[in-house]
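One structure below.
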Amino acid sequence: MASTTQIEACSVTKTFGKFAALRDISLTIAEGEFLSLLGPSGSGKTTFLTLLGGYEAVTSGQLLFEGQDMTGWSAKERAFGMVFQGYALFPHLTVAENIAFPLKVQKRSKARIDARVAEMIELVGLAGHAHKKPSALSGGQQQRVALARALAYEPKVLLLDEPFSALDKNLRGQMQEELRRLHRDLGTTFVFVTHDQEEALALSTRIAIFNHGHLQQIGTPDEVYERPANRFTAEFLGDINILSLQGGNITGSAITAPPHAQGNGHLAIRPEHMRLAQDYDTNRLPTTVRDRVYLGAKSRLLLATGAGEELILYFDNGPGEAPPAPGATLEVTWDPRDSFAV
Ligand SMILES: Nc1ncnc2c1ncn2[C@@H]1O[C@H](COP(=O)(O)OP(=O)(O)O)[C@@H](O)[C@H]1O
Ligand SMILES: [Mg+2]
């Protein structure tokens, strides 16, 4: 990954009337990065993308592009590619005409446009579909046309707003693979909005997590997953076990919290870092099985601690013992280095 800063947001705030959709957002985007903006619905992701693209003006703060102040530049001056949530194709134009549209606006020669359109159709795997209207294409094919159109004039930055949200799960996985390949082959900076944690973890070089218009954390997928900055990020990025602390001990047990989580806070451990305790383990937390869900390769156990706090434990359904049934008591353990304070 290149590490030259291409875009910088400095204390960017966006208000609609009295409502602040984004508050004091500062972050940098490196050239060639695949940055995902991740957060629940209404957290400000689309708003941030429209500010980057120049479709909306910031209320306060500054946006820099390659060191230059682009805050006042129009969308046209920024000339970033944009793929919207719907496909937003021109229904009366063919695939080839849709892709050619931004190039015609740029007044390129017909020969150059034709060559570029053919190249883009090849790139997104739509050979043989050039003369079809969007209505004759599947959802996945329409999204490929939208991608090809946005990439046709070689923008330095491609902005994508939940481009796959309308596609079914299989097609979505396929399009994600294609997007990864496109990003790898082109080296263009991608800023990708999603509310899907797995999608963000699988695709991104870094993830910026938003909630209620605030940037919660920005980091590589493993940083934000394994070292969440706060409870929101920890809970938003997958299953998490949270144990409350009292006077430095896990509530209702004799287990001392690790040095990084003293006091009366909370300790968090991902379920995949928890396992059934053996006799030689020192920190063993007694629990009772409340529920068991069979998931094929694994079973998901819902456990309750002595203090009544719920934990998730994954049990491998391999050869050997069957997973414990509801009512069974068992002890769980984890490596304290895999726990963090939230
Ligand atoms: N043009 C607008 N006028 C008023 N409120 C808006 C406008 N655009 C977005 N908002 C509000 O800003 C918040 C963030 O919206 P948005 O950026 O679309 O969220 P997300 O994309 O994360 O779902 C929402 O509460 C939304 O209702
Ligand atoms: Mg949105």
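Scheme for the structure tokens: letters A, B, ... for chains in order shown; per-chain residue numbers from 1; ligand numbers from 1 in order shown.
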
Dump as a Markdown table the rows for residues of chain A within 12 Å of ligand 2: closest atom pair and distance in Å with one decimal, only C-alpha atoms and all ligand atoms counted, ordered by chain and rising residue number.
| residue | atom | partner | partner_atom_place_in_ligand_line | distance |
| --- | --- | --- | --- | --- |
| A:Ala21 | CA | ligand 2 | 1 (Mg) | 11.5 |
| A:Leu37 | CA | ligand 2 | 1 (Mg) | 9.9 |
| A:Leu38 | CA | ligand 2 | 1 (Mg) | 9.9 |
| A:Gly39 | CA | ligand 2 | 1 (Mg) | 9.3 |
| A:Pro40 | CA | ligand 2 | 1 (Mg) | 8.9 |
| A:Ser41 | CA | ligand 2 | 1 (Mg) | 6.5 |
| A:Gly42 | CA | ligand 2 | 1 (Mg) | 6.8 |
| A:Ser43 | CA | ligand 2 | 1 (Mg) | 8.1 |
| A:Gly44 | CA | ligand 2 | 1 (Mg) | 7.0 |
| A:Lys45 | CA | ligand 2 | 1 (Mg) | 5.6 |
| A:Thr46 | CA | ligand 2 | 1 (Mg) | 4.1 |
| A:Thr47 | CA | ligand 2 | 1 (Mg) | 7.3 |
| A:Phe48 | CA | ligand 2 | 1 (Mg) | 9.3 |
| A:Leu49 | CA | ligand 2 | 1 (Mg) | 8.9 |
| A:Thr50 | CA | ligand 2 | 1 (Mg) | 9.9 |
| A:Phe84 | CA | ligand 2 | 1 (Mg) | 9.6 |
| A:Gln85 | CA | ligand 2 | 1 (Mg) | 7.9 |
| A:Gly86 | CA | ligand 2 | 1 (Mg) | 11.1 |
| A:Leu160 | CA | ligand 2 | 1 (Mg) | 10.3 |
| A:Asp161 | CA | ligand 2 | 1 (Mg) | 6.7 |
| A:Glu162 | CA | ligand 2 | 1 (Mg) | 7.2 |
| A:Pro163 | CA | ligand 2 | 1 (Mg) | 10.5 |
| A:Ser165 | CA | ligand 2 | 1 (Mg) | 10.5 |
| A:Phe192 | CA | ligand 2 | 1 (Mg) | 10.8 |
| A:Val193 | CA | ligand 2 | 1 (Mg) | 7.3 |
| A:Thr194 | CA | ligand 2 | 1 (Mg) | 7.9 |
| A:His195 | CA | ligand 2 | 1 (Mg) | 8.4 |
| A:Asp196 | CA | ligand 2 | 1 (Mg) | 11.8 |
| A:Phe210 | CA | ligand 2 | 1 (Mg) | 11.5 |
| A:Gly213 | CA | ligand 2 | 1 (Mg) | 11.9 |

Which residues are close to range 294-300 of chain A, i.e. within 12 Å by only C-alpha atoms, leaving aside same-chain residues fewer than 3 positions away? Reply as an MDAnalysis selection string. chainID A and resid 239 271:272 275 289:291 303 311:319 322:326

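Taking CA of Asp114 in chain A and CA of Ala136 in chain A as the two end points, the separation is 21.7 Å.
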
Which of range 60-190 of chain A fall in strand (DSSP E), as a list in words: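 After running DSSP on the backbone, range 60-190 of chain A has strand (DSSP E) at Ser60, Gly61, Gln62, Leu63, Leu64, Phe65, Gln68, Asp69, Gly81, Met82, Val83, Val157, Leu158, Leu159, Leu160, Asp161, Thr189 and Phe190 of chain A.
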
Report, in Å with one decimal, the straight-line distance from CA of Leu267 in chain A to CA of Leu301 in chain A. 19.6 Å

Residue nearest ligand 1 - candidates A:Arg227, A:Arg108, A:His214, A:Arg270, atoms counted: only C-alpha atoms and all ligand atoms: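 Looking at the shortest contact to ligand 1, the residue is A:His214.
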
Which of these residues is nearest to ligand 1, using only C-alpha atoms and all ligand atoms: A:Gly72, A:Gly32, A:Gly187, A:Gly17?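 Once distances to ligand 1 are computed over only C-alpha atoms and all ligand atoms, the minimum belongs to A:Gly17.
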
Can you pull out every residue from range 176-227 of chain A that DSSP, working from the backbone, puts in helix (DSSP H, G or I), and format the result as JSON, numbers by chain? {"A": [176, 177, 178, 179, 180, 181, 182, 183, 184, 185, 186, 197, 198, 199, 200, 201, 202, 203, 221, 222, 223, 224, 225, 226]}

What does the file look like for those residues with C-alpha atoms, as a short mmCIF file (atom, residue, chain, number, x, y, z; two decimals), in the first residue's frame?
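Everything below was put into out-v8.cif:
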data_model
loop_
_atom_site.label_atom_id
_atom_site.label_comp_id
_atom_site.auth_asym_id
_atom_site.auth_seq_id
_atom_site.Cartn_x
_atom_site.Cartn_y
_atom_site.Cartn_z
CA GLN A 176 -16.71 -7.99 -3.72
CA GLU A 177 -14.06 -10.24 -5.27
CA GLU A 178 -14.24 -8.26 -8.50
CA LEU A 179 -13.91 -4.99 -6.65
CA ARG A 180 -10.80 -6.27 -4.85
CA ARG A 181 -9.32 -7.31 -8.17
CA LEU A 182 -10.16 -3.93 -9.77
CA HIS A 183 -8.58 -2.11 -6.85
CA ARG A 184 -5.45 -4.26 -7.04
CA ASP A 185 -5.13 -3.88 -10.82
CA LEU A 186 -5.87 -0.17 -11.04
CA GLN A 197 -18.93 -5.36 8.97
CA GLU A 198 -17.78 -8.47 7.12
CA GLU A 199 -17.68 -6.62 3.82
CA ALA A 200 -15.53 -3.89 5.38
CA LEU A 201 -13.18 -6.37 7.07
CA ALA A 202 -12.75 -8.40 3.87
CA LEU A 203 -12.15 -5.55 1.42
CA PRO A 221 -9.21 -4.38 9.78
CA ASP A 222 -7.22 -6.30 12.39
CA GLU A 223 -6.54 -3.17 14.45
CA VAL A 224 -10.19 -2.16 14.70
CA TYR A 225 -11.34 -5.75 15.27
CA GLU A 226 -8.71 -6.82 17.77
#

Grab the CA of Gln143 in chain A to CA of Asn98 in chain A distance for me, in Å with one decimal place. 11.9 Å
